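Enquirer: File entry-v8.tsv below, TSV, C-alpha atoms:
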```
chain	number	residue	atom	x	y	z
X	120	MET	CA	-2.25	-7.85	22.06
X	121	ASP	CA	0.86	-6.67	23.90
X	122	SER	CA	3.11	-7.12	20.88
X	123	THR	CA	0.59	-5.88	18.31
X	124	LEU	CA	1.28	-2.43	16.89
X	125	GLY	CA	-2.05	-2.15	15.10
X	126	LEU	CA	-3.98	-3.49	12.15
X	127	LEU	CA	-3.36	-3.06	8.45
X	128	ARG	CA	-6.38	-3.11	6.17
X	129	ILE	CA	-5.60	-4.18	2.61
X	130	ARG	CA	-8.26	-3.50	0.00
X	131	LEU	CA	-7.77	-5.83	-2.94
X	132	GLN	CA	-9.23	-3.75	-5.74
X	133	ARG	CA	-8.64	-5.39	-9.11
X	134	GLY	CA	-6.30	-7.15	-11.51
X	135	TYR	CA	-5.00	-5.84	-14.82
X	136	ASN	CA	-4.14	-7.97	-17.85
X	137	LEU	CA	-3.58	-11.13	-15.82
X	138	ALA	CA	-2.11	-14.20	-17.51
X	139	VAL	CA	-4.33	-16.68	-19.33
X	140	ARG	CA	-4.18	-20.08	-17.66
X	141	ASP	CA	-7.30	-21.76	-19.07
X	142	THR	CA	-8.42	-22.01	-22.69
X	143	CYS	CA	-9.17	-18.32	-23.24
X	144	SER	CA	-9.16	-16.78	-19.77
X	145	SER	CA	-8.50	-17.51	-16.07
X	146	ASP	CA	-10.41	-17.83	-12.80
X	147	PRO	CA	-8.14	-15.68	-10.59
X	148	TYR	CA	-8.01	-15.32	-6.84
X	149	VAL	CA	-5.40	-13.83	-4.50
X	150	VAL	CA	-3.64	-15.13	-1.41
X	151	ILE	CA	-1.94	-12.67	0.96
X	152	THR	CA	0.47	-13.98	3.58
X	153	MET	CA	2.43	-12.36	6.39
X	154	GLY	CA	4.26	-14.76	8.67
X	155	GLU	CA	1.65	-17.27	9.82
X	156	GLN	CA	-1.27	-15.10	8.69
X	157	LYS	CA	-2.87	-16.20	5.43
X	158	LEU	CA	-5.87	-14.57	3.73
X	159	LYS	CA	-7.65	-15.56	0.54
X	160	SER	CA	-9.90	-13.59	-1.81
X	161	ARG	CA	-12.95	-14.79	-3.68
X	162	VAL	CA	-12.58	-16.31	-7.15
X	163	VAL	CA	-13.63	-14.24	-10.16
X	164	LYS	CA	-14.63	-16.58	-12.99
X	165	LYS	CA	-13.33	-16.23	-16.54
X	166	ASN	CA	-11.81	-12.77	-16.20
X	167	CYS	CA	-8.23	-11.58	-16.69
X	168	ASN	CA	-9.20	-8.08	-15.49
X	169	PRO	CA	-11.10	-9.07	-12.33
X	170	GLU	CA	-12.65	-6.69	-9.81
X	171	TRP	CA	-12.41	-8.32	-6.37
X	172	ASN	CA	-13.09	-5.35	-4.05
X	173	ASP	CA	-12.24	-7.59	-1.10
X	174	GLU	CA	-10.88	-6.37	2.25
X	175	PHE	CA	-8.31	-8.13	4.42
X	176	THR	CA	-6.98	-7.24	7.86
X	177	LEU	CA	-3.51	-8.18	9.06
X	178	SER	CA	-2.28	-7.89	12.63
X	179	ILE	CA	1.07	-6.09	12.56
X	180	THR	CA	3.62	-7.01	15.23
X	181	ASP	CA	6.77	-6.41	13.18
X	182	PRO	CA	6.70	-4.19	10.05
X	183	ASN	CA	9.84	-5.97	8.82
X	184	ILE	CA	7.96	-9.25	8.25
X	185	PRO	CA	7.34	-9.43	4.47
X	186	ILE	CA	3.79	-9.29	3.11
X	187	HIS	CA	3.49	-11.51	0.08
X	188	LEU	CA	0.73	-11.47	-2.54
X	189	THR	CA	0.22	-14.38	-4.95
X	190	VAL	CA	-2.36	-14.72	-7.73
X	191	TYR	CA	-3.73	-18.17	-8.61
X	192	ASP	CA	-6.00	-19.61	-11.27
X	193	LYS	CA	-8.71	-21.77	-9.70
X	194	ASP	CA	-8.89	-25.25	-11.23
X	195	THR	CA	-11.47	-27.91	-10.46
X	196	PHE	CA	-9.60	-31.14	-11.10
X	197	THR	CA	-5.93	-30.08	-10.98
X	198	VAL	CA	-3.65	-28.05	-8.73
X	199	ASP	CA	-4.34	-24.30	-8.98
X	200	ASP	CA	-1.89	-22.58	-11.34
X	201	LYS	CA	0.21	-19.65	-10.16
X	202	MET	CA	-0.32	-16.39	-12.02
X	203	GLY	CA	2.49	-14.32	-10.51
X	204	ASP	CA	3.41	-12.80	-7.16
X	205	ALA	CA	4.54	-9.54	-5.57
X	206	ASP	CA	5.77	-8.19	-2.24
X	207	ILE	CA	3.88	-5.37	-0.53
X	208	ASP	CA	6.34	-2.87	0.95
X	209	ILE	CA	4.54	-1.07	3.79
X	210	LYS	CA	7.54	0.77	5.29
X	211	PRO	CA	7.11	4.06	3.36
X	212	TYR	CA	3.42	4.06	4.26
X	213	LEU	CA	4.07	3.45	7.96
X	214	ALA	CA	6.74	6.18	7.95
X	215	ALA	CA	4.08	8.60	6.68
X	216	ILE	CA	1.71	7.50	9.45
X	217	GLN	CA	4.43	8.14	12.04
X	218	MET	CA	4.77	11.75	10.91
X	219	GLY	CA	1.70	12.45	13.06
X	220	LEU	CA	0.04	14.78	10.54
X	221	SER	CA	-3.56	15.94	10.91
X	222	ASN	CA	-6.17	18.27	9.40
X	223	LEU	CA	-4.76	18.19	5.89
X	224	PRO	CA	-6.76	19.10	2.77
X	225	ASN	CA	-8.55	16.16	1.17
X	226	GLY	CA	-6.50	14.62	-1.62
X	227	CYS	CA	-3.24	15.90	-0.16
X	228	ALA	CA	-0.27	13.70	-1.19
X	229	ILE	CA	1.93	13.22	1.88
X	230	LYS	CA	4.53	11.07	0.20
X	231	ARG	CA	5.22	9.69	-3.27
X	232	ILE	CA	7.04	6.42	-3.87
X	233	GLN	CA	8.61	5.64	-7.23
X	234	PRO	CA	8.92	2.17	-8.79
X	235	GLY	CA	12.36	0.66	-8.28
X	236	LYS	CA	14.37	-2.49	-7.80
X	237	ASN	CA	13.49	-2.56	-4.10
X	238	ASN	CA	9.72	-2.68	-4.62
X	239	CYS	CA	7.12	-4.23	-6.94
X	240	LEU	CA	5.41	-0.99	-7.94
X	241	ALA	CA	4.26	-0.75	-11.55
X	242	ASP	CA	3.73	3.01	-11.25
X	243	GLU	CA	4.22	5.91	-8.84
X	244	SER	CA	2.33	5.36	-5.60
X	245	SER	CA	1.08	8.16	-3.33
X	246	VAL	CA	0.30	8.20	0.38
X	247	VAL	CA	-2.77	10.43	0.55
X	248	TRP	CA	-4.89	12.16	3.20
X	249	ASN	CA	-8.63	11.77	2.61
X	250	ASN	CA	-11.48	12.41	5.08
X	251	GLY	CA	-9.28	12.03	8.14
X	252	LYS	CA	-7.60	8.84	6.89
X	253	ILE	CA	-4.17	8.21	5.42
X	254	THR	CA	-4.19	5.62	2.65
X	255	GLN	CA	-1.85	4.41	-0.06
X	256	ASP	CA	-2.95	3.09	-3.44
X	257	MET	CA	-0.51	0.68	-5.07
X	258	ARG	CA	-0.41	-0.93	-8.48
X	259	LEU	CA	1.84	-3.96	-8.15
X	260	LYS	CA	3.65	-5.56	-11.08
X	261	LEU	CA	3.52	-9.33	-10.75
X	262	ARG	CA	6.76	-11.32	-10.92
X	263	ASN	CA	7.43	-14.82	-12.25
X	264	VAL	CA	4.74	-14.49	-14.91
X	265	GLU	CA	4.48	-13.14	-18.44
X	266	CYS	CA	2.11	-10.28	-17.59
X	267	GLY	CA	-0.25	-8.88	-14.98
X	268	GLU	CA	-0.69	-6.21	-12.32
X	269	VAL	CA	-2.80	-5.95	-9.16
X	270	GLY	CA	-4.26	-2.82	-7.56
X	271	ILE	CA	-4.51	-2.57	-3.77
X	272	GLN	CA	-5.02	0.09	-1.09
X	273	LEU	CA	-3.45	0.23	2.39
X	274	GLU	CA	-5.07	1.74	5.48
X	275	TRP	CA	-3.67	1.72	9.03
X	276	ILE	CA	-6.06	1.07	11.91
X	277	GLU	CA	-5.17	2.09	15.45
X	278	VAL	CA	-6.55	-0.34	18.03
X	279	PRO	CA	-7.06	0.50	21.74
X	280	GLY	CA	-4.69	-1.57	23.85
X	281	CYS	CA	-2.12	-1.96	21.08
X	282	LYS	CA	1.32	-0.36	21.16
X	283	GLY	CA	0.71	1.74	18.06
X	284	LEU	CA	3.38	3.09	15.74
X	285	GLY	CA	4.07	6.22	17.75
X	286	SER	CA	4.53	9.63	16.21
X	287	GLU	CA	7.76	11.18	15.04
X	288	GLY	CA	6.19	14.33	13.68
X	289	ASN	CA	7.71	17.01	15.89
X	290	GLY	CA	8.34	19.59	13.23
X	291	ASN	CA	11.59	17.89	12.22
X	292	HIS	CA	11.31	16.40	8.75
X	293	HIS	CA	14.38	14.20	9.20
X	294	LYS	CA	13.00	12.53	12.31
X	295	SER	CA	9.68	11.93	10.59
X	296	GLY	CA	11.33	10.01	7.79
X	297	LEU	CA	10.84	12.94	5.41
X	298	MET	CA	13.64	13.43	2.92
X	299	GLU	CA	14.93	16.64	1.36
X	300	SER	CA	13.88	15.22	-2.01
X	301	ASP	CA	10.26	15.11	-0.80
X	302	ILE	CA	10.32	18.86	-0.21
X	303	GLU	CA	12.35	19.65	-3.29
X	304	GLY	CA	10.14	17.60	-5.57
X	305	GLY	CA	6.94	19.07	-4.17
X	306	ASN	CA	5.91	15.68	-2.83
X	307	LEU	CA	4.27	17.04	0.27
X	308	CYS	CA	1.14	18.97	0.93
X	309	PHE	CA	0.54	20.57	4.30
X	310	PRO	CA	-2.39	22.59	5.65
X	311	ARG	CA	-2.45	26.36	5.31
X	312	PRO	CA	0.02	27.89	7.77
X	313	HIS	CA	-0.08	29.84	10.96
X	314	ARG	CA	3.71	29.89	11.08
X	315	LYS	CA	6.51	31.19	8.91
X	316	PRO	CA	7.16	29.45	5.58
X	317	PHE	CA	10.20	27.25	5.15
X	318	HIS	CA	12.18	27.82	1.92
X	319	HIS	CA	14.19	25.12	0.24
X	320	GLY	CA	15.68	26.02	-3.13
X	321	LYS	CA	12.88	26.75	-5.58
X	322	SER	CA	10.31	24.97	-3.45
X	323	ARG	CA	8.26	26.46	-0.71
X	324	LEU	CA	6.89	24.36	2.12
X	325	THR	CA	4.80	25.81	4.89
X	326	PHE	CA	4.77	24.36	8.39
```
Represent the supplied structure as structure tokens.
Expert:
Amino acid sequence: MDSTLGLLRIRLQRGYNLAVRDTCSSDPYVVITMGEQKLKSRVVKKNCNPEWNDEFTLSITDPNIPIHLTVYDKDTFTVDDKMGDADIDIKPYLAAIQMGLSNLPNGCAIKRIQPGKNNCLADESSVVWNNGKITQDMRLKLRNVECGEVGIQLEWIEVPGCKGLGSEGNGNHHKSGLMESDIEGGNLCFPRPHRKPFHHGKSRLTF
């Protein structure tokens, strides 16, 4: 485990308006790959809005290795049909973990990521503090298909004996990967202060 930074738990929640590949519906399942790691969900029969609620765990040695998600339609006598794919960008999430935050209010949004050409997000995605855990819910827009989205959740798991991500949260928002736009747009939520407030334009952020 010398080269392992930690584990990434991916909760495969559900699909939305997936493509029809059978007569009136599909039998979708999901395959997630990262390097040589390959994980497969259960099949949900005859449902283009499936609820999988499956959990996968990936061992992370290099955050730059792409994580790829592909949806398939299960067929009995022929090759399974593809129903679209998406990449899971974990870098913004890991940057939030590295900030080293703690004791935040439940539901606090640490970081917000907008859909763009460099990700597969269908909608704004927030990195959130809840019950001592930092998670990110994503709704991914599938590519190479006429329609369909998939909802997932990310959760980082520290493992004894692993390198870990380290912490960059030393009160310096640039070192932590925090951008001025995060403060300006009110993207961050910190616990109630014991120190002086920091003012930035019309926004007010307390450290």
Enquirer: Just checking: using only C-alpha atoms, which residue out of X:Ile179, X:Lys164, X:Cys143, X:Asn136 ends up closest to Val278 (chain X)?
Expert: X:Ile179
Enquirer: Do you know which residues are at most 8 Å from Gly267 (chain X) counting all atoms listed in the file, after dropping those on the same chain fewer than 2 positions away, and could you put them as a ChimeraX atom specification?
Expert: /X:134-138,203,260-261,264-265,269
Enquirer: Check the smallest atom-to-atom distance from each of X:Tyr191, X:Tyr212, X:Trp275, X:Trp248 to Asp141 (chain X) using only C-alpha atoms, then report the winner.
Expert: X:Tyr191
Enquirer: Using only C-alpha atoms, which of X:Gly235, X:Gly270, X:Pro169, X:Pro185 sits nearest Lys210 (chain X)?
Expert: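 Answer, going by the shortest atom-to-atom distance: X:Pro185.
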Enquirer: Hey, which of X:Pro182, X:Gly285, X:Gly280, X:Gly226 ends up closest to Val246 (chain X)? Count all atoms listed in the file.
Expert: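 Among X:Pro182, X:Gly285, X:Gly280, X:Gly226, it is X:Gly226 that comes nearest to Val246 (chain X).
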Enquirer: Would you work out the distance separating CA of Ile229 (chain X) from CA of Ala205 (chain X), expressed in Å to one decimal?
Expert: 24.1 Å
Enquirer: Please, what distance in Å, to one decimal, runs between CA of Gln255 (chain X) and CA of Lys201 (chain X)?
Expert: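 According to the coordinates, CA of Gln255 (chain X) and CA of Lys201 (chain X) are separated by 26.2 Å.
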Enquirer: Looking at X:Pro224, X:Pro147, X:Gly154, X:Pro211, which one is nearest to Val190 (chain X), with distances taken over only C-alpha atoms?
Expert: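 Under the stated criterion, the closest residue is X:Pro147.
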Enquirer: Which of these residues is nearest to Ile271 (chain X), using only C-alpha atoms: X:Thr123, X:Thr152, X:Thr195, X:Gln132?
Expert: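 Among X:Thr123, X:Thr152, X:Thr195, X:Gln132, it is X:Gln132 that comes nearest to Ile271 (chain X).
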Enquirer: Write out as an NGL selection string each polymer residue whose atoms come within 12 Å of Asp208 (chain X), counting only C-alpha atoms; drop sequence neighbours fewer than 3 positions from it.
Expert: :X and (153 or 182-188 or 205 or 211-214 or 232 or 234-240 or 244 or 255-259 or 271-273)
Enquirer: Just to confirm, what's the straight-line distance from CA of Thr254 (chain X) to CA of Ile129 (chain X) in Å (one decimal)?
Expert: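 These two atoms are separated by 9.9 Å.
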Enquirer: What's around region 172-174 of chain X at 7 Å? Count only C-alpha atoms, leave out sequence neighbours fewer than 6 positions away in its own chain, and write the answer as a PyMOL selection string.
Expert: chain X and resi 128-133+160
Enquirer: Just add N, CA, C and O atoms to region 263-280 of chain X and send it as an mmCIF file, in the frame of the given file.
Expert:
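Final output, selection_34.cif:
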```cif
data_model
loop_
_atom_site.group_PDB
_atom_site.id
_atom_site.type_symbol
_atom_site.label_atom_id
_atom_site.label_comp_id
_atom_site.auth_asym_id
_atom_site.auth_seq_id
_atom_site.Cartn_x
_atom_site.Cartn_y
_atom_site.Cartn_z
ATOM 1 N N ASN X 263 7.484 -13.381 -11.934
ATOM 2 C CA ASN X 263 7.430 -14.820 -12.250
ATOM 3 C C ASN X 263 6.219 -15.181 -13.106
ATOM 4 O O ASN X 263 5.606 -16.238 -12.939
ATOM 5 N N VAL X 264 5.880 -14.285 -14.017
ATOM 6 C CA VAL X 264 4.740 -14.490 -14.910
ATOM 7 C C VAL X 264 4.941 -13.591 -16.119
ATOM 8 O O VAL X 264 5.679 -12.590 -16.056
ATOM 9 N N GLU X 265 4.283 -13.910 -17.214
ATOM 10 C CA GLU X 265 4.480 -13.140 -18.440
ATOM 11 C C GLU X 265 3.827 -11.767 -18.427
ATOM 12 O O GLU X 265 4.251 -10.851 -19.139
ATOM 13 N N CYS X 266 2.777 -11.579 -17.633
ATOM 14 C CA CYS X 266 2.110 -10.280 -17.590
ATOM 15 C C CYS X 266 1.209 -10.228 -16.350
ATOM 16 O O CYS X 266 0.940 -11.241 -15.712
ATOM 17 N N GLY X 267 0.728 -9.029 -16.056
ATOM 18 C CA GLY X 267 -0.250 -8.880 -14.980
ATOM 19 C C GLY X 267 0.145 -7.899 -13.897
ATOM 20 O O GLY X 267 1.309 -7.814 -13.508
ATOM 21 N N GLU X 268 -0.855 -7.133 -13.433
ATOM 22 C CA GLU X 268 -0.690 -6.210 -12.320
ATOM 23 C C GLU X 268 -1.902 -6.304 -11.402
ATOM 24 O O GLU X 268 -2.976 -6.730 -11.833
ATOM 25 N N VAL X 269 -1.716 -5.908 -10.145
ATOM 26 C CA VAL X 269 -2.800 -5.950 -9.160
ATOM 27 C C VAL X 269 -2.859 -4.621 -8.418
ATOM 28 O O VAL X 269 -1.823 -4.106 -7.966
ATOM 29 N N GLY X 270 -4.067 -4.067 -8.288
ATOM 30 C CA GLY X 270 -4.260 -2.820 -7.560
ATOM 31 C C GLY X 270 -4.764 -3.070 -6.149
ATOM 32 O O GLY X 270 -5.715 -3.831 -5.951
ATOM 33 N N ILE X 271 -4.109 -2.435 -5.172
ATOM 34 C CA ILE X 271 -4.510 -2.570 -3.770
ATOM 35 C C ILE X 271 -4.495 -1.188 -3.105
ATOM 36 O O ILE X 271 -3.962 -0.223 -3.652
ATOM 37 N N GLN X 272 -5.086 -1.112 -1.914
ATOM 38 C CA GLN X 272 -5.020 0.090 -1.090
ATOM 39 C C GLN X 272 -4.697 -0.299 0.344
ATOM 40 O O GLN X 272 -5.246 -1.273 0.872
ATOM 41 N N LEU X 273 -3.812 0.463 0.995
ATOM 42 C CA LEU X 273 -3.450 0.230 2.390
ATOM 43 C C LEU X 273 -4.114 1.270 3.288
ATOM 44 O O LEU X 273 -4.229 2.431 2.925
ATOM 45 N N GLU X 274 -4.543 0.823 4.466
ATOM 46 C CA GLU X 274 -5.070 1.740 5.480
ATOM 47 C C GLU X 274 -4.695 1.223 6.861
ATOM 48 O O GLU X 274 -4.953 0.064 7.190
ATOM 49 N N TRP X 275 -4.077 2.089 7.671
ATOM 50 C CA TRP X 275 -3.670 1.720 9.030
ATOM 51 C C TRP X 275 -4.821 1.940 9.993
ATOM 52 O O TRP X 275 -5.523 2.942 9.928
ATOM 53 N N ILE X 276 -4.990 0.986 10.920
ATOM 54 C CA ILE X 276 -6.060 1.070 11.910
ATOM 55 C C ILE X 276 -5.453 1.002 13.305
ATOM 56 O O ILE X 276 -4.833 0.000 13.680
ATOM 57 N N GLU X 277 -5.609 2.078 14.052
ATOM 58 C CA GLU X 277 -5.170 2.090 15.450
ATOM 59 C C GLU X 277 -6.179 1.309 16.286
ATOM 60 O O GLU X 277 -7.387 1.459 16.115
ATOM 61 N N VAL X 278 -5.677 0.494 17.200
ATOM 62 C CA VAL X 278 -6.550 -0.340 18.030
ATOM 63 C C VAL X 278 -6.248 -0.051 19.504
ATOM 64 O O VAL X 278 -5.089 -0.113 19.923
ATOM 65 N N PRO X 279 -7.278 0.282 20.305
ATOM 66 C CA PRO X 279 -7.060 0.500 21.740
ATOM 67 C C PRO X 279 -6.401 -0.722 22.378
ATOM 68 O O PRO X 279 -6.793 -1.863 22.126
ATOM 69 N N GLY X 280 -5.391 -0.482 23.182
ATOM 70 C CA GLY X 280 -4.690 -1.570 23.850
ATOM 71 C C GLY X 280 -3.451 -2.037 23.111
ATOM 72 O O GLY X 280 -2.649 -2.784 23.660
#
```
